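*Asks:* Structure in structure tokens, see below.
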There are 2 protein chains.
Amino acid sequence: MSFEITEDFLADVRLGIESGDETALRKAIDELPEQDVSALLQELEAEEALFCLQLLPLDKASHVLSEVDTDYRLKLIKQFTPQSLATYTDHMDSDDAVDLINQLDVQVGEEVIGWMNNEEKADHIRDLMHYDEDCAGGLMAKELIKANLNWTVDQCIEEIRRQSKKVDKIYSIYVVDNAGKLLGTVSIKKMLLADEEVLVADLYEDKIISVESYRSGVEVAECMKKYDLETIPVINVQGKLLGRITIDDVVDFITEQADQERQLMAGITEDTDEDDSVWILAKSRLPWLFIGIIGGLLGAQFIGVFEDFIQKVTAMAFFIPLITATGGNVGIQSSSMVVQSLARDSAYDGLEWERFLKGFSVSLVNGIAIAGAVFLFNYFLQSDSTLAVVVSVALFSVVLISSFMGTITPLLLHRFGVNPALASGPFITTANDLLGIGIYFLVAYMLYTF
Amino acid sequence: MSFEITEDFLADVRLGIESGDETALRKAIDELPEQDVSALLQELEAEEALFCLQLLPLDKASHVLSEVDTDYRLKLIKQFTPQSLATYTDHMDSDDAVDLINQLDVQVGEEVIGWMNNEEKADHIRDLMHYDEDCAGGLMAKELIKANLNWTVDQCIEEIRRQSKKVDKIYSIYVVDNAGKLLGTVSIKKMLLADEEVLVADLYEDKIISVESYRSGVEVAECMKKYDLETIPVINVQGKLLGRITIDDVVDFITEQADQERQLMAGITEDTDEDDSVWILAKSRLPWLFIGIIGGLLGAQFIGVFEDFIQKVTAMAFFIPLITATGGNVGIQSSSMVVQSLARDSAYDGLEWERFLKGFSVSLVNGIAIAGAVFLFNYFLQSDSTLAVVVSVALFSVVLISSFMGTITPLLLHRFGVNPALASGPFITTANDLLGIGIYFLVAYMLYTF
């Protein structure tokens, strides 16, 4: 299906680099699609990769450099002078060039832009650097094909021919007025079928879905998903056409979001993957483990208050894991449903009370089922019927309160601009552990005392 | 950005339905994009939705019906006779038509296909129904534009004009030989720039990435993501062109996968969303809560064995939540990293030992850090220094073993064809709780006895 880099192929490439056999090496790697060359380079040392890159035509080399993994690319571009980097950014799509330049120190980045020959592209890059990475402006590229309202089909096709030399793929032809305001699109299909003298104004489709540059990446993704778009034009508040976002960048965005969410749910900070060093991997996990540890030590102090009580009713200790596990499970179930709704964008705009009521009903049903089942089990297996009551009352309360906590925490995080998925991880588990222990011992204390 | 259904608009539509004012109603909804009409229908009762649907041109109505949420669509299509459903499937893309027909009873589905006027489409549908939903064959549609190797550009453009009437959007023009074997693509851009008498054979690009019909959805998604494709052709084992998959279907597939994974990690079975009834929501959560409960009760039985011991060293009980929480957190961290690698497809092909060693090193670092910190805390705050040793030794062991469990469980599930994300949820937490308690009491028993 797709090309796999075999050990043999890699050995051949390394041999080619060592022997300096440029012709054979160039032939071998120029045959591969850009993405496969990128994957290949990542298997090599930075100097070896550089050697391969310089064998390729500049246009292909630039795209290869765009595709390389960001961590590895940082190593690679440190080997370049600003001047030689500029020859690559000259040939990149503006959005990819910005990503690369943002990896450099500000001053080096400025130098790269200064050395560029393609003035138009350099302007595009300066433009795009103003936008935040995760908003529509940060996702867009400036390369697109525009047609003026007043052109004929013939003029338009002529212009497309000219403009299309700067653009890799023709996605859509955007129709603008003299002020650059986006009015609609005209399809190639329609132009192929139309008479040459017809005006674009009579041919274009004025219903167009566009996105303002300040919109979040999540909003862009939801919109493109909903309307099955391969590309979406980006406009400013006055409606002027600024650029376009293509679905491949949005797919990458969605995948990154999912990875980030998974890591937050699992209690792993930073963007790590298995290729990182042991030290980075350990460091990314420790903070969350320590949150759990601090919670556990606080819990220990709290249970310590009831030391005499446990000595009298030792069986109290048996059910501690049952209580904490249930609280954790219920909390994560509730929070993940909220996270899912929030990921669908505009949910929770209204109807908050209805949702709370529904969540409450669900936990009521589950609380009764669980508390009931555990009561039956304990009543027949434990000699202490008070304890059976204590455990079930505590379980029931824990289900209700954990469910409430699991619902409210992601909503609050979201309101304060923090990724709500944070609430589905060790954070909510630790809080629920403490709450559960508190409830358990308080219920026990009350029921045994009265 | 995109259209939002306001309460006012909905009220107007309802009023239009009640009063039977077809002209005004048709005008209001025909202005909206198909996806917004679908969203609108979902806010209405099935009879109301049906009334609106019948006002639209058949072509648009068919697309609206394709876009409606599957749960809601089932309610809707039950109102149709097979004959009237056939008029809609006649106008759908073949992949959407198959999705709809698969929702019906087998016999009703057969009747619908039987009533279809578009014989070619009916054949396409019968063809597509053989494929499993989550493989490349199940994701593809049959509508595409083919050009024969031996055509001239002129002939080719003529054919595109003809064929494009059956296809919504022209993605790529696939070049095939006389036997229908896929050879490559030819771009519209190239044809626009070429002379009319040039043969397709001299113009087409023979490097093409395609996918065999038996490949999994995950493989298709990874491939399209890697090569930034908007569309990928599907071939059979002989290389014959069967259909094509578009990126919008793959984006939906990716989103569904992420939702499913999130739900598995959170311990929620079935595909539920917040719109489902309280009963369905409660039912989807209970099985996992019960797994936790059974684990908790087993834990209680196990701790019960040490009743006398706890009576002597009551402080043992204080640290139970600390031990179980740490085991749970470490287990989920490890398993989620494995799940992430598995989601990236081809990971874990080789190098298993290296990965295990790395995971082991990470947990060694974390185990030492955590056990050390807790030891210092307990040593200075607890009067019982043996207990400080017991807790830290147990913690250290729990980190190592939970990390091992968290790594091995998703790998085993994956090998047996079960979604590995299952291992990041209540499943692994419960197992680790039990393991943690076991280790804790065994370590204590040994250290206090000797």
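Chain lettering (A, B, ...) mirrors the order of the structure tokens, residue numbering begins at 1 for each chain separately, and ligand numbering begins at 1 in order of display.
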Please build the interface table for chain B against chain A with a cut-off of 6 Å, listing for each qualifying residue the nearest atom pair and the distance in Å to one decimal; count only C-alpha atoms, order rows by chain and increasing number, and write it as a tab-separated table.

*Replies:*
```
residue	atom	partner	partner_atom	distance
B:Met1	CA	A:Val211	CA	5.4
B:Val211	CA	A:Met1	CA	5.4
B:Asp228	CA	A:Asp248	CA	5.3
B:Asp248	CA	A:Asp228	CA	5.4
B:Ala266	CA	A:Gln333	CA	5.0
B:Val278	CA	A:Val362	CA	5.5
B:Ala282	CA	A:Val362	CA	5.1
B:Gly296	CA	A:Leu322	CA	3.9
B:Ala300	CA	A:Phe318	CA	4.4
B:Ile303	CA	A:Phe318	CA	5.5
B:Gln311	CA	A:Gln311	CA	5.6
B:Ala317	CA	A:Ala317	CA	5.8
B:Phe318	CA	A:Ala300	CA	4.4
B:Phe319	CA	A:Ala300	CA	5.4
B:Pro321	CA	A:Gly296	CA	5.8
B:Leu322	CA	A:Gly296	CA	4.0
B:Ile332	CA	A:Ala266	CA	5.6
B:Gln333	CA	A:Ala266	CA	5.0
B:Val362	CA	A:Ala282	CA	5.1
```

*Asks:* Kindly export the residues of the current selection with C-alpha atoms, as a compact mmCIF listing (two decimals), in the first residue's frame.

*Replies:*
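Heads up, here's the output in part26.txt:
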```
# COMPACT_ATOMS: atom_id res chain seq x y z
CA MET B 1 -19.44 31.02 10.32
CA VAL B 211 -5.22 0.83 -1.09
CA ASP B 228 -2.04 14.33 2.65
CA ASP B 248 -14.52 13.37 4.67
CA ALA B 266 -13.75 5.96 30.72
CA VAL B 278 -31.39 7.94 31.18
CA ALA B 282 -27.15 4.15 33.08
CA GLY B 296 -13.40 -3.94 45.49
CA ALA B 300 -12.13 -6.53 50.91
CA ILE B 303 -7.67 -7.49 53.35
CA GLN B 311 -5.67 -4.55 64.63
CA ALA B 317 -4.98 0.97 56.82
CA PHE B 318 -4.07 4.64 56.33
CA PHE B 319 -1.97 4.00 53.26
CA PRO B 321 -5.66 4.56 49.12
CA LEU B 322 -2.11 5.77 48.43
CA ILE B 332 -3.09 4.01 32.85
CA GLN B 333 -0.02 6.06 31.94
CA VAL B 362 11.01 4.85 33.07
```

*Asks:* Using only C-alpha atoms, which residues sit within 9 Å of range 201-205 of chain B once same-chain residues fewer than 5 positions away are excluded, as a VMD selection string?

*Replies:* chain B and resid 148 to 153 175 183 to 187 190 to 191 194

*Asks:* When you draw a straight line from CA of Thr70 in chain A to CA of Gln103 in chain A, how long is it in Å?

*Replies:*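 These two atoms are separated by 8.3 Å.
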
*Asks:* Give me, as number ranges by chain, all polymer residues having an atom no more than 12 Å from Gln54 in chain A, counting only C-alpha atoms and skipping those fewer than 5 positions away in the same chain.

*Replies:* A: 17, 22, 25-26, 29-30, 41, 47-49, 59-62, 64-65, 80, 84-85, 87-88

*Asks:* Have a look at A:Leu241, A:Asp177, A:Asp132, A:Gln260 and name the one nearest to Asn419 in chain A; count only C-alpha atoms.

*Replies:*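 Residue with the minimum atom-to-atom distance to Asn419 in chain A: A:Gln260.
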
*Asks:* Separation of CA of Lys78 in chain A and CA of Gly137 in chain A, in Å?

*Replies:*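 A separation of 27.1 Å between them.
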
*Asks:* Between A:Pro57, A:Gly438, A:Gly138, A:Gly243, which is the closest to Tyr174 in chain A once you count only C-alpha atoms?

*Replies:*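 The answer is A:Gly243, which sits nearest to Tyr174 in chain A.
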
*Asks:* If you run DSSP on the backbone, which residues of range 127-301 of chain A are strand (DSSP E), as a list in words?

*Replies:* Ile145, Lys146, Ala147, Asn148, Ile173, Tyr174, Val175, Val176, Leu182, Leu183, Gly184, Thr185, Val186, Val211, Glu212, Thr231, Ile232, Pro233, Val234, Ile235, Leu241, Leu242, Gly243, Arg244, Ile245 and Thr246 of chain A

*Asks:* For the selection just defined, write its residues with N, CA and C atoms to a file, as a tab-separated table (two decimals), in the first residue's frame.

*Replies:*
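Written output follows (out-v3.tsv):
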```tsv
chain	number	residue	atom	x	y	z
A	145	ILE	N	-6.14	30.43	-5.36
A	145	ILE	CA	-6.45	30.97	-6.68
A	145	ILE	C	-7.71	31.83	-6.59
A	146	LYS	N	-7.54	33.08	-7.00
A	146	LYS	CA	-8.61	34.07	-6.92
A	146	LYS	C	-9.07	34.44	-8.31
A	147	ALA	N	-10.35	34.69	-8.49
A	147	ALA	CA	-10.84	35.21	-9.77
A	147	ALA	C	-11.69	36.44	-9.48
A	148	ASN	N	-11.55	37.45	-10.30
A	148	ASN	CA	-12.35	38.64	-10.12
A	148	ASN	C	-13.73	38.44	-10.75
A	173	ILE	N	-11.61	27.82	-6.78
A	173	ILE	CA	-11.30	29.14	-7.31
A	173	ILE	C	-12.23	30.12	-6.61
A	174	TYR	N	-11.63	31.01	-5.82
A	174	TYR	CA	-12.43	31.94	-5.03
A	174	TYR	C	-12.73	33.18	-5.85
A	175	VAL	N	-13.96	33.62	-5.75
A	175	VAL	CA	-14.39	34.82	-6.49
A	175	VAL	C	-14.43	36.00	-5.52
A	176	VAL	N	-13.74	37.09	-5.89
A	176	VAL	CA	-13.70	38.28	-5.04
A	176	VAL	C	-14.13	39.50	-5.85
A	182	LEU	N	-14.52	38.38	-0.28
A	182	LEU	CA	-14.90	37.06	-0.77
A	182	LEU	C	-16.39	37.01	-1.08
A	183	LEU	N	-16.72	36.58	-2.31
A	183	LEU	CA	-18.13	36.52	-2.71
A	183	LEU	C	-18.62	35.10	-2.92
A	184	GLY	N	-17.72	34.21	-3.32
A	184	GLY	CA	-18.16	32.85	-3.59
A	184	GLY	C	-17.06	32.05	-4.26
A	185	THR	N	-17.47	30.94	-4.91
A	185	THR	CA	-16.49	30.13	-5.65
A	185	THR	C	-17.04	29.85	-7.03
A	186	VAL	N	-16.13	29.52	-7.92
A	186	VAL	CA	-16.58	29.05	-9.23
A	186	VAL	C	-15.85	27.73	-9.50
A	211	VAL	N	-14.61	31.09	7.18
A	211	VAL	CA	-14.33	31.11	8.61
A	211	VAL	C	-13.51	32.36	8.90
A	212	GLU	N	-13.81	33.05	10.01
A	212	GLU	CA	-13.04	34.24	10.37
A	212	GLU	C	-11.71	33.82	10.96
A	231	THR	N	-11.47	22.17	1.78
A	231	THR	CA	-10.76	23.42	1.98
A	231	THR	C	-11.78	24.46	2.40
A	232	ILE	N	-11.32	25.42	3.22
A	232	ILE	CA	-12.24	26.47	3.66
A	232	ILE	C	-11.50	27.80	3.57
A	233	PRO	N	-12.14	28.82	2.99
A	233	PRO	CA	-11.48	30.12	2.92
A	233	PRO	C	-11.54	30.84	4.27
A	234	VAL	N	-10.47	31.61	4.55
A	234	VAL	CA	-10.41	32.37	5.79
A	234	VAL	C	-10.57	33.85	5.45
A	235	ILE	N	-11.43	34.54	6.19
A	235	ILE	CA	-11.67	35.96	5.91
A	235	ILE	C	-11.39	36.79	7.16
A	241	LEU	N	-10.87	38.20	1.76
A	241	LEU	CA	-10.25	36.88	1.67
A	241	LEU	C	-8.78	36.94	2.09
A	242	LEU	N	-8.41	36.17	3.11
A	242	LEU	CA	-7.03	36.20	3.61
A	242	LEU	C	-6.22	34.98	3.20
A	243	GLY	N	-6.85	33.82	3.17
A	243	GLY	CA	-6.12	32.60	2.87
A	243	GLY	C	-7.07	31.43	2.89
A	244	ARG	N	-6.52	30.20	2.96
A	244	ARG	CA	-7.39	29.03	2.99
A	244	ARG	C	-6.75	27.93	3.85
A	245	ILE	N	-7.61	27.14	4.43
A	245	ILE	CA	-7.15	26.02	5.25
A	245	ILE	C	-7.52	24.74	4.52
A	246	THR	N	-6.58	23.80	4.42
A	246	THR	CA	-6.89	22.55	3.73
A	246	THR	C	-7.12	21.44	4.74
```

*Asks:* Excluding Ile101 in chain A and any residue of its chain fewer than 5 positions from it, enumerate the residues within 12 Å of it, using only C-alpha atoms, and give them as a PDB file with N, CA and C atoms, in the first residue's frame.

*Replies:*
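Saved the output as around_9.pdb:
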```
ATOM      1  N   LEU A  65      11.412  18.859   3.775  1.00  0.00           N
ATOM      2  CA  LEU A  65      11.725  19.553   5.019  1.00  0.00           C
ATOM      3  C   LEU A  65      10.443  19.974   5.757  1.00  0.00           C
ATOM      4  N   SER A  66       9.395  20.295   5.007  1.00  0.00           N
ATOM      5  CA  SER A  66       8.109  20.635   5.632  1.00  0.00           C
ATOM      6  C   SER A  66       7.502  19.441   6.349  1.00  0.00           C
ATOM      7  N   THR A  70       8.735  17.623  13.768  1.00  0.00           N
ATOM      8  CA  THR A  70       9.283  18.890  14.287  1.00  0.00           C
ATOM      9  C   THR A  70      10.529  18.713  15.169  1.00  0.00           C
ATOM     10  N   ARG A  73      13.385  17.983  12.950  1.00  0.00           N
ATOM     11  CA  ARG A  73      13.672  19.108  12.063  1.00  0.00           C
ATOM     12  C   ARG A  73      14.516  20.164  12.764  1.00  0.00           C
ATOM     13  N   LEU A  74      14.247  20.340  14.065  1.00  0.00           N
ATOM     14  CA  LEU A  74      15.013  21.324  14.831  1.00  0.00           C
ATOM     15  C   LEU A  74      16.502  20.987  14.767  1.00  0.00           C
ATOM     16  N   ILE A  77      17.658  21.822  11.032  1.00  0.00           N
ATOM     17  CA  ILE A  77      17.780  23.214  10.567  1.00  0.00           C
ATOM     18  C   ILE A  77      18.867  23.960  11.320  1.00  0.00           C
ATOM     19  N   LYS A  78      19.285  23.441  12.458  1.00  0.00           N
ATOM     20  CA  LYS A  78      20.411  24.084  13.163  1.00  0.00           C
ATOM     21  C   LYS A  78      21.707  23.996  12.354  1.00  0.00           C
ATOM     22  N   PRO A  82      21.145  30.903   7.911  1.00  0.00           N
ATOM     23  CA  PRO A  82      19.875  31.546   7.549  1.00  0.00           C
ATOM     24  C   PRO A  82      19.728  31.684   6.041  1.00  0.00           C
ATOM     25  N   LEU A  85      18.741  28.343   4.516  1.00  0.00           N
ATOM     26  CA  LEU A  85      17.359  28.019   4.903  1.00  0.00           C
ATOM     27  C   LEU A  85      16.365  28.810   4.047  1.00  0.00           C
ATOM     28  N   ALA A  86      16.733  30.051   3.749  1.00  0.00           N
ATOM     29  CA  ALA A  86      15.845  30.916   2.968  1.00  0.00           C
ATOM     30  C   ALA A  86      15.553  30.328   1.589  1.00  0.00           C
ATOM     31  N   TYR A  88      15.128  27.274   0.948  1.00  0.00           N
ATOM     32  CA  TYR A  88      14.068  26.282   1.148  1.00  0.00           C
ATOM     33  C   TYR A  88      12.716  26.949   1.403  1.00  0.00           C
ATOM     34  N   THR A  89      12.697  27.936   2.315  1.00  0.00           N
ATOM     35  CA  THR A  89      11.401  28.572   2.616  1.00  0.00           C
ATOM     36  C   THR A  89      10.826  29.269   1.380  1.00  0.00           C
ATOM     37  N   ASP A  90      11.695  29.700   0.469  1.00  0.00           N
ATOM     38  CA  ASP A  90      11.225  30.270  -0.791  1.00  0.00           C
ATOM     39  C   ASP A  90      10.304  29.315  -1.541  1.00  0.00           C
ATOM     40  N   MET A  92       8.534  26.703  -0.052  1.00  0.00           N
ATOM     41  CA  MET A  92       7.517  26.039   0.768  1.00  0.00           C
ATOM     42  C   MET A  92       6.171  26.749   0.656  1.00  0.00           C
ATOM     43  N   SER A  94       3.289  28.783   2.372  1.00  0.00           N
ATOM     44  CA  SER A  94       3.505  29.784   3.409  1.00  0.00           C
ATOM     45  C   SER A  94       3.242  29.250   4.819  1.00  0.00           C
ATOM     46  N   ASP A  95       2.228  28.405   4.985  1.00  0.00           N
ATOM     47  CA  ASP A  95       1.935  27.902   6.337  1.00  0.00           C
ATOM     48  C   ASP A  95       3.051  26.995   6.851  1.00  0.00           C
ATOM     49  N   ASP A  96       3.621  26.178   5.960  1.00  0.00           N
ATOM     50  CA  ASP A  96       4.731  25.307   6.363  1.00  0.00           C
ATOM     51  C   ASP A  96       5.977  26.135   6.688  1.00  0.00           C
ATOM     52  N   VAL A 106      13.885  34.147  17.364  1.00  0.00           N
ATOM     53  CA  VAL A 106      13.231  35.237  16.634  1.00  0.00           C
ATOM     54  C   VAL A 106      14.195  35.912  15.657  1.00  0.00           C
ATOM     55  N   GLN A 107      15.422  36.180  16.141  1.00  0.00           N
ATOM     56  CA  GLN A 107      16.359  36.918  15.289  1.00  0.00           C
ATOM     57  C   GLN A 107      16.768  36.099  14.061  1.00  0.00           C
ATOM     58  N   VAL A 108      17.070  34.822  14.277  1.00  0.00           N
ATOM     59  CA  VAL A 108      17.437  33.956  13.150  1.00  0.00           C
ATOM     60  C   VAL A 108      16.286  33.884  12.155  1.00  0.00           C
ATOM     61  N   GLY A 109      15.074  33.771  12.672  1.00  0.00           N
ATOM     62  CA  GLY A 109      13.892  33.735  11.813  1.00  0.00           C
ATOM     63  C   GLY A 109      13.800  34.976  10.935  1.00  0.00           C
ATOM     64  N   GLU A 110      14.016  36.133  11.559  1.00  0.00           N
ATOM     65  CA  GLU A 110      13.994  37.397  10.801  1.00  0.00           C
ATOM     66  C   GLU A 110      15.042  37.381   9.692  1.00  0.00           C
ATOM     67  N   GLU A 111      16.225  36.861  10.032  1.00  0.00           N
ATOM     68  CA  GLU A 111      17.288  36.784   9.022  1.00  0.00           C
ATOM     69  C   GLU A 111      16.869  35.907   7.846  1.00  0.00           C
ATOM     70  N   VAL A 112      16.270  34.737   8.168  1.00  0.00           N
ATOM     71  CA  VAL A 112      15.819  33.834   7.094  1.00  0.00           C
ATOM     72  C   VAL A 112      14.867  34.576   6.167  1.00  0.00           C
ATOM     73  N   ILE A 113      13.871  35.246   6.754  1.00  0.00           N
ATOM     74  CA  ILE A 113      12.899  35.969   5.929  1.00  0.00           C
ATOM     75  C   ILE A 113      13.618  37.041   5.103  1.00  0.00           C
ATOM     76  N   GLY A 114      14.593  37.710   5.724  1.00  0.00           N
ATOM     77  CA  GLY A 114      15.358  38.747   5.028  1.00  0.00           C
ATOM     78  C   GLY A 114      16.109  38.231   3.802  1.00  0.00           C
ATOM     79  N   ALA A 122       7.638  36.046   1.248  1.00  0.00           N
ATOM     80  CA  ALA A 122       8.154  36.634   2.483  1.00  0.00           C
ATOM     81  C   ALA A 122       7.079  37.490   3.153  1.00  0.00           C
ATOM     82  N   ILE A 125       4.550  35.283   4.764  1.00  0.00           N
ATOM     83  CA  ILE A 125       5.056  34.705   6.015  1.00  0.00           C
ATOM     84  C   ILE A 125       4.969  35.717   7.154  1.00  0.00           C
ATOM     85  N   ARG A 126       5.406  36.946   6.893  1.00  0.00           N
ATOM     86  CA  ARG A 126       5.317  37.997   7.927  1.00  0.00           C
ATOM     87  C   ARG A 126       3.875  38.153   8.385  1.00  0.00           C
ATOM     88  N   LEU A 128       1.417  35.883   8.269  1.00  0.00           N
ATOM     89  CA  LEU A 128       0.901  34.711   8.995  1.00  0.00           C
ATOM     90  C   LEU A 128       1.479  34.597  10.392  1.00  0.00           C
ATOM     91  N   MET A 129       2.687  35.178  10.604  1.00  0.00           N
ATOM     92  CA  MET A 129       3.324  35.041  11.904  1.00  0.00           C
ATOM     93  C   MET A 129       2.578  35.758  13.027  1.00  0.00           C
TER      94      MET A 129
END
```

*Asks:* Between B:Leu76, B:Leu395, B:Leu58, B:Ala24, which residue has the minimum interatomic distance to His91 in chain B, considering only C-alpha atoms?

*Replies:*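 Ranking B:Leu76, B:Leu395, B:Leu58, B:Ala24 by distance to His91 in chain B, first place goes to B:Leu58.
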
*Asks:* Can you list, as JSON, numbers by chain, every residue of range 6-231 of chain B that DSSP puts in alpha helix (DSSP H)?

*Replies:* {"B": [7, 8, 9, 10, 11, 12, 13, 14, 15, 16, 17, 18, 19, 22, 23, 24, 25, 26, 27, 28, 29, 30, 34, 35, 36, 37, 38, 39, 40, 41, 46, 47, 48, 49, 50, 51, 52, 53, 54, 55, 58, 59, 60, 61, 62, 63, 64, 65, 66, 67, 70, 71, 72, 73, 74, 75, 76, 77, 82, 83, 84, 85, 86, 87, 88, 89, 94, 95, 96, 97, 98, 99, 100, 101, 102, 106, 107, 108, 109, 110, 111, 112, 113, 114, 115, 119, 120, 121, 122, 123, 124, 125, 126, 127, 128, 136, 137, 138, 139, 153, 154, 155, 156, 157, 158, 159, 160, 161, 162, 163, 188, 189, 190, 191, 192, 193, 217, 218, 219, 220, 221, 222, 223, 224, 225, 226]}

*Asks:* Tell me which protein, DNA and RNA residues are within 8 Å of Ala394 in chain B, counting only C-alpha atoms, leaving out same-chain ones fewer than 5 positions away, and put them as a VMD selection string.

*Replies:* chain B and resid 323 436 439 to 440 443
